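Text of entry32.cif (mmCIF, C-alpha atoms) as supplied:
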data_protein
loop_
_atom_site.label_atom_id
_atom_site.label_comp_id
_atom_site.auth_asym_id
_atom_site.auth_seq_id
_atom_site.Cartn_x
_atom_site.Cartn_y
_atom_site.Cartn_z
CA THR A 1 34.51 8.63 -13.03
CA GLN A 2 31.81 9.45 -15.57
CA LYS A 3 30.87 5.77 -15.81
CA ARG A 4 30.65 5.57 -12.01
CA ARG A 5 28.32 8.61 -11.92
CA SER A 6 26.15 7.04 -14.62
CA ARG A 7 25.88 3.82 -12.62
CA MET A 8 24.98 5.84 -9.42
CA SER A 9 22.34 7.85 -11.32
CA TRP A 10 20.89 4.67 -12.74
CA SER A 11 20.82 3.12 -9.24
CA VAL A 12 18.98 6.15 -7.81
CA TRP A 13 16.43 6.04 -10.62
CA CYS A 14 15.92 2.32 -10.02
CA VAL A 15 15.12 2.99 -6.36
CA ILE A 16 12.69 5.82 -7.25
CA ILE A 17 10.92 3.68 -9.88
CA SER A 18 10.64 0.80 -7.43
CA ILE A 19 9.07 3.05 -4.78
CA LEU A 20 6.61 4.55 -7.24
CA ALA A 21 5.69 1.13 -8.58
CA GLY A 22 4.96 -0.12 -5.06
CA LEU A 23 3.00 2.94 -3.95
CA PRO A 24 -0.38 1.87 -5.40
CA PHE A 25 0.07 -1.51 -3.72
CA CYS A 26 0.76 0.18 -0.37
CA LEU A 27 -2.23 2.44 -0.81
CA GLU A 28 -4.33 -0.57 -1.68
CA LEU A 29 -3.22 -2.35 1.48
CA THR A 30 -4.05 0.75 3.57
CA ASP A 31 -7.52 0.91 2.04
CA LEU A 32 -8.06 -2.77 2.70
CA GLU A 33 -6.96 -2.35 6.31
CA ARG A 34 -9.33 0.58 6.80
CA MET A 35 -12.20 -1.37 5.24
CA ALA A 36 -11.43 -4.36 7.46
CA ASN A 37 -11.44 -2.17 10.60
CA GLN A 38 -14.74 -0.59 9.56
CA PHE A 39 -16.23 -4.05 8.98
CA VAL A 40 -15.10 -5.31 12.41
CA GLU A 41 -16.46 -2.16 14.08
CA SER A 42 -19.81 -2.49 12.30
CA TYR A 43 -20.03 -6.20 13.09
CA THR A 44 -19.21 -5.60 16.77
CA ASN A 45 -21.85 -2.86 17.00
CA GLN A 46 -24.53 -5.08 15.45
CA LEU A 47 -23.58 -8.07 17.63
CA GLN A 48 -23.67 -5.99 20.83
CA SER A 49 -26.99 -4.46 19.79
CA ILE A 50 -28.47 -7.95 19.41
CA VAL A 51 -26.98 -9.27 22.67
CA HIS A 52 -28.17 -6.27 24.70
CA ASN A 53 -31.42 -5.74 22.76
CA ARG A 54 -30.63 -2.08 22.11
CA VAL A 55 -30.16 -0.40 18.74
CA ASP A 56 -26.72 1.22 18.28
CA TYR A 57 -25.57 -0.18 21.62
CA CYS A 58 -21.98 0.97 21.02
CA ASP A 59 -22.97 4.57 20.20
CA ARG A 60 -21.26 6.99 22.61
CA SER A 61 -23.26 10.13 21.85
CA GLY A 62 -25.61 9.88 24.86
CA ARG A 63 -25.22 11.92 28.05
CA LEU A 64 -23.60 10.16 31.01
CA GLY A 65 -25.01 12.92 33.21
CA GLU A 66 -28.48 11.37 32.82
CA MET A 67 -27.47 8.80 35.44
CA VAL A 68 -27.53 11.51 38.09
CA ALA A 69 -31.30 11.98 37.70
CA HIS A 70 -31.79 8.57 39.34
CA ALA A 71 -29.72 9.67 42.35
CA ARG A 72 -31.66 12.84 43.12
CA SER A 73 -34.53 11.04 44.87
CA GLU A 74 -32.21 8.82 46.92
CA VAL A 75 -29.23 11.00 47.81
CA LEU A 76 -30.52 13.63 50.22
CA HIS A 77 -29.47 17.29 50.59
CA GLN A 78 -26.67 17.13 47.99
CA GLU A 79 -28.31 19.12 45.20
CA LYS A 80 -25.23 21.22 44.37
CA ALA A 81 -22.91 18.20 44.41
CA LEU A 82 -25.25 16.28 42.10
CA ASP A 83 -25.48 19.26 39.75
CA ASP A 84 -21.67 19.42 39.64
CA LEU A 85 -21.43 15.66 39.07
CA GLU A 86 -23.94 15.79 36.22
CA ARG A 87 -21.94 18.52 34.46
CA ALA A 88 -18.66 16.67 35.02
CA LEU A 89 -20.02 13.43 33.56
CA ASP A 90 -21.33 15.26 30.50
CA ASN A 91 -17.94 16.89 29.88
CA VAL A 92 -15.86 14.20 28.14
CA THR A 93 -12.63 16.08 28.88
CA TYR A 94 -13.11 15.14 32.55
CA ASN A 95 -12.14 11.48 32.59
CA ALA A 96 -11.09 11.60 36.27
CA ILE A 97 -13.61 12.63 38.94
CA ALA A 98 -13.28 12.48 42.75
CA ILE A 99 -16.30 12.44 45.08
CA VAL A 100 -15.25 13.77 48.49
CA GLY A 101 -17.20 13.93 51.75
CA SER A 102 -17.67 12.59 55.27
CA SER A 103 -19.45 9.37 56.18
CA GLY A 104 -23.12 8.82 55.41
CA VAL A 105 -23.66 11.75 53.02
CA GLY A 106 -24.46 9.67 49.91
CA LYS A 107 -21.11 9.14 48.17
CA SER A 108 -21.18 5.34 47.93
CA GLN A 109 -24.90 5.43 47.23
CA THR A 110 -24.25 7.72 44.26
CA ALA A 111 -21.54 5.35 43.01
CA SER A 112 -23.93 2.41 43.37
CA ILE A 113 -26.57 4.20 41.29
CA MET A 114 -23.98 5.04 38.63
CA HIS A 115 -23.02 1.35 38.55
CA GLU A 116 -26.63 0.30 38.11
CA ARG A 117 -27.53 2.97 35.54
CA PHE A 118 -24.39 3.05 33.38
CA PRO A 119 -25.54 2.58 29.76
CA TRP A 120 -22.97 -0.20 29.12
CA PRO A 121 -23.29 -2.56 32.13
CA GLY A 122 -20.51 -4.87 30.95
CA ASN A 123 -18.07 -1.94 30.85
CA VAL A 124 -18.22 -1.15 34.59
CA GLN A 125 -15.31 -2.21 36.80
CA THR A 126 -15.04 -1.61 40.55
CA LEU A 127 -12.35 -1.66 43.22
CA SER A 128 -12.74 -1.32 46.98
CA TRP A 129 -9.44 0.39 47.75
CA GLY A 130 -9.41 -0.22 51.49
CA ALA A 131 -10.33 -3.88 51.14
CA THR A 132 -7.18 -4.69 49.12
CA SER A 133 -4.18 -5.73 51.19
CA SER A 134 -1.38 -3.59 49.77
CA THR A 135 -0.75 -0.65 47.46
CA ASP A 136 1.10 -2.90 45.00
CA LYS A 137 -1.90 -5.23 44.78
CA ARG A 138 -4.21 -2.27 44.26
CA MET A 139 -2.08 -0.87 41.46
CA GLU A 140 -1.90 -4.31 39.82
CA ARG A 141 -5.68 -4.42 39.92
CA VAL A 142 -5.91 -0.96 38.33
CA GLU A 143 -3.48 -1.99 35.58
CA SER A 144 -5.60 -5.07 34.93
CA MET A 145 -8.76 -2.97 34.66
CA LEU A 146 -7.11 -0.58 32.20
CA LYS A 147 -6.13 -3.54 30.02
CA ASN A 148 -9.74 -4.77 29.95
CA LEU A 149 -11.48 -1.65 28.64
CA ALA A 150 -13.96 -2.05 25.78
CA HIS A 151 -14.03 -0.19 22.45
CA CYS A 152 -17.83 -0.53 22.31
CA GLY A 153 -19.51 2.32 24.19
CA ARG A 154 -17.75 3.94 27.13
CA ASN A 155 -16.07 2.53 30.23
CA LEU A 156 -16.56 3.32 33.91
CA ILE A 157 -14.17 2.50 36.77
CA LEU A 158 -15.36 3.11 40.35
CA ILE A 159 -12.75 3.10 43.14
CA ASP A 160 -14.41 3.33 46.56
CA ASN A 161 -13.23 3.44 50.20
CA MET A 162 -10.30 5.79 49.65
CA THR A 163 -9.00 8.05 52.45
CA PRO A 164 -7.13 11.39 52.35
CA ALA A 165 -3.87 9.44 52.72
CA ASP A 166 -4.55 7.90 49.29
CA GLY A 167 -4.66 11.22 47.43
CA ASP A 168 -1.22 10.80 45.85
CA HIS A 169 -2.22 7.41 44.42
CA VAL A 170 -4.85 9.16 42.31
CA ASN A 171 -2.14 11.13 40.51
CA THR A 172 -0.27 7.89 39.82
CA ILE A 173 -3.40 6.26 38.39
CA ASN A 174 -4.26 9.33 36.31
CA GLU A 175 -0.74 9.26 34.88
CA MET A 176 -1.16 5.57 34.03
CA ILE A 177 -4.35 6.44 32.14
CA LYS A 178 -2.65 9.33 30.35
CA ASN A 179 0.17 7.06 29.21
CA THR A 180 -2.19 4.36 27.94
CA HIS A 181 -2.37 5.35 24.27
CA GLU A 182 -5.53 3.30 23.61
CA ILE A 183 -7.52 5.58 25.96
CA ALA A 184 -8.93 8.88 24.69
CA ASN A 185 -8.06 11.97 26.71
CA ALA A 186 -10.36 14.33 24.82
CA SER A 187 -13.47 14.35 22.65
CA GLY A 188 -11.35 14.64 19.50
CA GLN A 189 -10.32 10.98 19.70
CA PRO A 190 -13.53 9.09 18.88
CA LYS A 191 -11.81 5.89 17.73
CA LEU A 192 -9.97 5.33 21.02
CA LYS A 193 -11.40 3.71 24.13
CA GLN A 194 -13.30 6.16 26.33
CA LEU A 195 -13.00 5.97 30.11
CA THR A 196 -14.48 7.79 33.08
CA ILE A 197 -12.87 6.93 36.42
CA VAL A 198 -14.52 7.98 39.70
CA TYR A 199 -12.67 7.97 43.01
CA ILE A 200 -14.73 8.03 46.24
CA PHE A 201 -13.00 9.57 49.27
CA SER A 202 -14.29 9.46 52.85
CA LEU A 203 -13.20 12.22 55.23
CA ASN A 204 -12.89 11.59 58.99
CA ARG A 205 -15.54 13.83 60.60
CA LEU A 206 -14.58 12.60 64.09
CA LEU A 207 -11.51 14.85 63.96
CA PRO A 208 -11.66 18.31 65.57
CA ASP A 209 -12.84 21.00 63.16
CA LYS A 210 -9.36 22.42 62.45
CA ALA A 211 -7.88 18.97 61.84
CA TYR A 212 -10.85 18.07 59.65
CA ASP A 213 -10.41 21.22 57.55
CA ALA A 214 -6.66 20.59 57.23
CA GLN A 215 -7.37 17.00 56.17
CA LYS A 216 -9.75 18.18 53.47
CA GLU A 217 -7.45 20.94 52.21
CA GLY A 218 -4.54 18.51 51.98
CA LEU A 219 -6.65 16.11 49.93
CA LEU A 220 -7.89 18.84 47.58
CA THR A 221 -4.29 19.91 46.99
CA ALA A 222 -3.34 16.33 46.10
CA LEU A 223 -6.31 16.14 43.73
CA LYS A 224 -5.53 19.37 41.84
CA HIS A 225 -5.50 17.51 38.49
CA THR A 226 -8.78 15.71 39.21
CA HIS A 227 -12.28 17.18 38.99
CA VAL A 228 -13.54 17.22 42.60
CA ILE A 229 -17.20 16.96 43.68
CA ASN A 230 -17.73 18.04 47.29
CA TYR A 231 -20.52 16.37 49.28
CA GLN A 232 -21.65 18.50 52.21
CA MET A 233 -22.04 17.32 55.82
CA LEU A 234 -25.61 16.68 56.94
CA GLU A 235 -27.14 18.71 59.73
CA PRO A 236 -29.32 17.40 62.63
CA ASP A 237 -32.53 18.63 60.99
CA HIS A 238 -31.74 16.45 57.96
CA LEU A 239 -32.10 13.26 60.00
CA LEU A 240 -35.88 13.29 59.69
CA ASP A 241 -35.62 13.05 55.91
CA CYS A 242 -33.17 10.16 56.31
CA ILE A 243 -35.63 8.37 58.58
CA TYR A 244 -38.58 8.83 56.22
CA ARG A 245 -36.56 7.63 53.25
CA GLU A 246 -35.26 4.55 55.07
CA ALA A 247 -38.72 3.72 56.41
CA LEU A 248 -40.13 4.00 52.88
CA LEU A 249 -37.42 1.74 51.43
CA THR A 250 -37.89 -0.92 54.13
CA GLY A 251 -41.69 -0.63 54.34
CA THR A 252 -41.51 0.25 58.03
CA ASN A 253 -44.29 2.09 59.89
CA LEU A 254 -42.78 4.19 62.68
CA THR A 255 -44.54 5.84 65.57
CA VAL A 256 -43.80 9.42 66.63
CA ALA A 257 -42.02 8.10 69.72
CA GLN A 258 -39.81 5.81 67.64
CA ILE A 259 -38.91 8.65 65.26
CA GLU A 260 -37.96 10.90 68.19
CA GLU A 261 -35.83 8.12 69.69
CA ILE A 262 -33.96 7.61 66.41
CA ILE A 263 -33.31 11.36 66.06
CA GLN A 264 -31.94 11.60 69.60
CA ALA A 265 -29.60 8.66 69.00
CA GLY A 266 -28.52 9.89 65.57
CA ASP A 267 -25.33 11.76 64.72
CA ALA A 268 -25.85 13.68 61.49
CA ARG A 269 -22.51 15.51 61.39
CA ASN A 270 -20.32 12.47 62.04
CA ALA A 271 -22.31 9.62 60.48
CA GLY A 272 -24.93 11.23 58.23
CA CYS A 273 -27.85 9.01 57.26
CA LYS A 274 -25.91 5.92 58.34
CA SER A 275 -26.68 6.83 61.93
CA VAL A 276 -30.40 6.11 61.41
CA CYS A 277 -30.41 3.14 59.04
CA ALA A 278 -29.64 0.53 61.69
CA LYS A 279 -32.26 1.99 64.04
CA VAL A 280 -34.99 1.93 61.40
CA ALA A 281 -33.99 -1.64 60.55
CA LEU A 282 -34.59 -2.66 64.17
CA TYR A 283 -38.19 -1.44 64.02
CA SER A 284 -38.75 -3.09 60.64
CA LYS A 285 -38.43 -6.57 62.13
CA PRO A 286 -41.76 -8.37 62.79
#
Rendering of file as structure tokens:
Amino acid sequence: TQKRRSRMSWSVWCVIISILAGLPFCLELTDLERMANQFVESYTNQLQSIVHNRVDYCDRSGRLGEMVAHARSEVLHQEKALDDLERALDNVTYNAIAIVGSSGVGKSQTASIMHERFPWPGNVQTLSWGATSSTDKRMERVESMLKNLAHCGRNLILIDNMTPADGDHVNTINEMIKNTHEIANASGQPKLKQLTIVYIFSLNRLLPDKAYDAQKEGLLTALKHTHVINYQMLEPDHLLDCIYREALLTGTNLTVAQIEEIIQAGDARNAGCKSVCAKVALYSKP
């Protein structure tokens, strides 16, 4: 029995000595791995800086909210919504944002400006939700986009043409993002991929007021885990600003009679600025 205990003690000591002997080697491998990762990260940053002609191209410290400044002169009468959007983009804990409003109030225009002004153009991915045939196909597309996020800089996904009936799909997508371990969910994870996803919802203003309010409340309830930006309906007296802006963009000179005709035919509450764009385009033709 004593001999057996001696052999067991000797075996235990052999295991301990083997572990201690291998520890420096393991530590050395860990150091080498860390150095290799740092080298790849540095190389990628320098390469991207050269390709995009911008120093520290991969640096994430800039404000995403700066994009909103370019929308203020083009998106009319949505000052509060744009202020809220700017704050949400600057807060890295908000990686899911929903822009909600009726037709023609500037939602898609804001998304287009964000697409154009995002500091890392190659990291923007888009999906027109309503243009895809089925929910399964849409979710497959979202999964594909999440697999193609970049480590360099930040990532932006824009999902447009969603309706209140699609509110529950947002929770599914947000859960997919949460369960993707390569994506950071807070500012304390600088080495992970960083993503901001923006959903654009269009409300049906043609519904009676009570049905419209119920539609909106139902959507906001579904989006309780998403930061919501509300775009307000336009009023009839806002149409003149829409006309002037569209005329300026198209280089169209309108007479007073033409402006009055466009205002009379317009529908600010149901169609926003969209109700005047086609009319101004008619007068812009030679």
Closest to A:Asp90 among A:Glu246, A:Glu66, A:Glu116, A:Glu217, using all atoms listed in the file?
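Looking only at the distances to A:Asp90, the closest residue turns out to be A:Glu66.
Take the PyMOL selection byres ((chain A and resi 254-260) around 10) and apply it to this file: it picks Leu239, Leu240, Ile243, Tyr244, Ala247, Gly251, Thr252, Asn253, Glu261, Ile262, Ile263, Gln264, Ala265, Gly266, Val276, Lys279, Val280, Tyr283 and Ser284 of chain A.
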Using atom CA of A:Ala271 and atom CA of A:Ala111 as the two end points, give the distance in Å to one decimal.
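We find that atom CA of A:Ala271 and atom CA of A:Ala111 lie 18.0 Å from each other.
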Do you know which residues the PyMOL selection byres ((chain A and resi 177) around 10) returns on this file, as a PDB file with C-alpha atoms, keeping the file's coordinate frame?
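Output below, filename part15.pdb:
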ATOM      1  CA  ASN A  95     -12.140  11.480  32.590  1.00  0.00           C
ATOM      2  CA  ALA A  96     -11.090  11.600  36.270  1.00  0.00           C
ATOM      3  CA  VAL A 142      -5.910  -0.960  38.330  1.00  0.00           C
ATOM      4  CA  GLU A 143      -3.480  -1.990  35.580  1.00  0.00           C
ATOM      5  CA  LEU A 146      -7.110  -0.580  32.200  1.00  0.00           C
ATOM      6  CA  ASN A 171      -2.140  11.130  40.510  1.00  0.00           C
ATOM      7  CA  THR A 172      -0.270   7.890  39.820  1.00  0.00           C
ATOM      8  CA  ILE A 173      -3.400   6.260  38.390  1.00  0.00           C
ATOM      9  CA  ASN A 174      -4.260   9.330  36.310  1.00  0.00           C
ATOM     10  CA  GLU A 175      -0.740   9.260  34.880  1.00  0.00           C
ATOM     11  CA  MET A 176      -1.160   5.570  34.030  1.00  0.00           C
ATOM     12  CA  LYS A 178      -2.650   9.330  30.350  1.00  0.00           C
ATOM     13  CA  ASN A 179       0.170   7.060  29.210  1.00  0.00           C
ATOM     14  CA  THR A 180      -2.190   4.360  27.940  1.00  0.00           C
ATOM     15  CA  HIS A 181      -2.370   5.350  24.270  1.00  0.00           C
ATOM     16  CA  GLU A 182      -5.530   3.300  23.610  1.00  0.00           C
ATOM     17  CA  ILE A 183      -7.520   5.580  25.960  1.00  0.00           C
ATOM     18  CA  ALA A 184      -8.930   8.880  24.690  1.00  0.00           C
ATOM     19  CA  ASN A 185      -8.060  11.970  26.710  1.00  0.00           C
ATOM     20  CA  LEU A 195     -13.000   5.970  30.110  1.00  0.00           C
ATOM     21  CA  ILE A 197     -12.870   6.930  36.420  1.00  0.00           C
TER      22      ILE A 197
END
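Using only C-alpha atoms, the nearest neighbour of A:His151 within the list A:Val170, A:Val68, A:Ile99, A:Cys58 is A:Cys58.
Listed by chain and then by number, the residues chosen by the PyMOL selection byres ((chain A and resi 155) around 7) in this file are Asn123, Val124, Leu149, Ala150, Gly153, Arg154, Leu156, Ile157, Gln194, Leu195 and Thr196 of chain A.
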To one decimal in Å, tell me the separation between atom CA of A:His238 and atom CA of A:Ser108.
18.3 Å
Calculated over only C-alpha atoms, which of the candidates A:His227, A:Asp213, A:Leu234, A:Asp166 has the smallest distance to A:Arg87?
A:His227
Point out the residue among A:Arg269, A:Gly167, A:Arg63, A:Ser133 with the least atom-to-atom distance to A:Asp209, counting only C-alpha atoms.
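Nearest to A:Asp209: A:Arg269.
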Near A:Ala222, within 7 Å and counting only C-alpha atoms, which residues show up once chain neighbours fewer than 3 positions away are dropped, as a PyMOL selection string?
chain A and resi 167-168+218-219
Nearest to A:Ala131, restricted to only C-alpha atoms and choosing among A:Asp56, A:Thr110, A:Asp160, A:Lys274, comes out as A:Asp160
So for stretch 156-175 of chain A, what box centre and size do we get, axis-aligned, 5 Å extra on each of the six sides, every listed atom, Å to one decimal, as JSON?
{"center_x": -8.4, "center_y": 6.9, "center_z": 43.3, "size_x": 26.3, "size_y": 18.9, "size_z": 28.8}
Quote the spacing between atom CA of A:Met233 and atom CA of A:Gly272 in Å to one decimal place.
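Taking atom CA of A:Met233 and atom CA of A:Gly272, their separation equals 7.2 Å.
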Kindly indicate which residue among A:Gly104, A:Met162, A:Gly65, A:Trp129 lies nearest to A:Cys277, using only C-alpha atoms for the distances.
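The answer is A:Gly104, which sits nearest to A:Cys277.
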Near-A:Asn270 list (7 Å; all atoms listed in the file; drop same-chain fewer than 3 positions) as a ChimeraX atom specification
/A:103,205-206,267
Can you tell me, as a ChimeraX atom specification, which residues sit within 9 Å of (-23.6, 10.5, 48.4) in the file's frame, using all atoms listed in the file?
/A:71,74-76,78,81-82,99-101,103-111,231
Grab the residues selected above and save them as a PDB file, in the frame of the given file with C-alpha atoms.
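To be explicit, this is the file written out as selection-v3.pdb:
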ATOM      1  CA  ALA A  71     -29.720   9.670  42.350  1.00  0.00           C
ATOM      2  CA  GLU A  74     -32.210   8.820  46.920  1.00  0.00           C
ATOM      3  CA  VAL A  75     -29.230  11.000  47.810  1.00  0.00           C
ATOM      4  CA  LEU A  76     -30.520  13.630  50.220  1.00  0.00           C
ATOM      5  CA  GLN A  78     -26.670  17.130  47.990  1.00  0.00           C
ATOM      6  CA  ALA A  81     -22.910  18.200  44.410  1.00  0.00           C
ATOM      7  CA  LEU A  82     -25.250  16.280  42.100  1.00  0.00           C
ATOM      8  CA  ILE A  99     -16.300  12.440  45.080  1.00  0.00           C
ATOM      9  CA  VAL A 100     -15.250  13.770  48.490  1.00  0.00           C
ATOM     10  CA  GLY A 101     -17.200  13.930  51.750  1.00  0.00           C
ATOM     11  CA  SER A 103     -19.450   9.370  56.180  1.00  0.00           C
ATOM     12  CA  GLY A 104     -23.120   8.820  55.410  1.00  0.00           C
ATOM     13  CA  VAL A 105     -23.660  11.750  53.020  1.00  0.00           C
ATOM     14  CA  GLY A 106     -24.460   9.670  49.910  1.00  0.00           C
ATOM     15  CA  LYS A 107     -21.110   9.140  48.170  1.00  0.00           C
ATOM     16  CA  SER A 108     -21.180   5.340  47.930  1.00  0.00           C
ATOM     17  CA  GLN A 109     -24.900   5.430  47.230  1.00  0.00           C
ATOM     18  CA  THR A 110     -24.250   7.720  44.260  1.00  0.00           C
ATOM     19  CA  ALA A 111     -21.540   5.350  43.010  1.00  0.00           C
ATOM     20  CA  TYR A 231     -20.520  16.370  49.280  1.00  0.00           C
TER      21      TYR A 231
END
List every protein, DNA or RNA residue with an atom no more than 8 Å from (-14.2, 7.6, 54.9) in the file's coordinates, counting only C-alpha atoms, and format the result as a ChimeraX atom specification.
/A:101-103,161-163,201-204
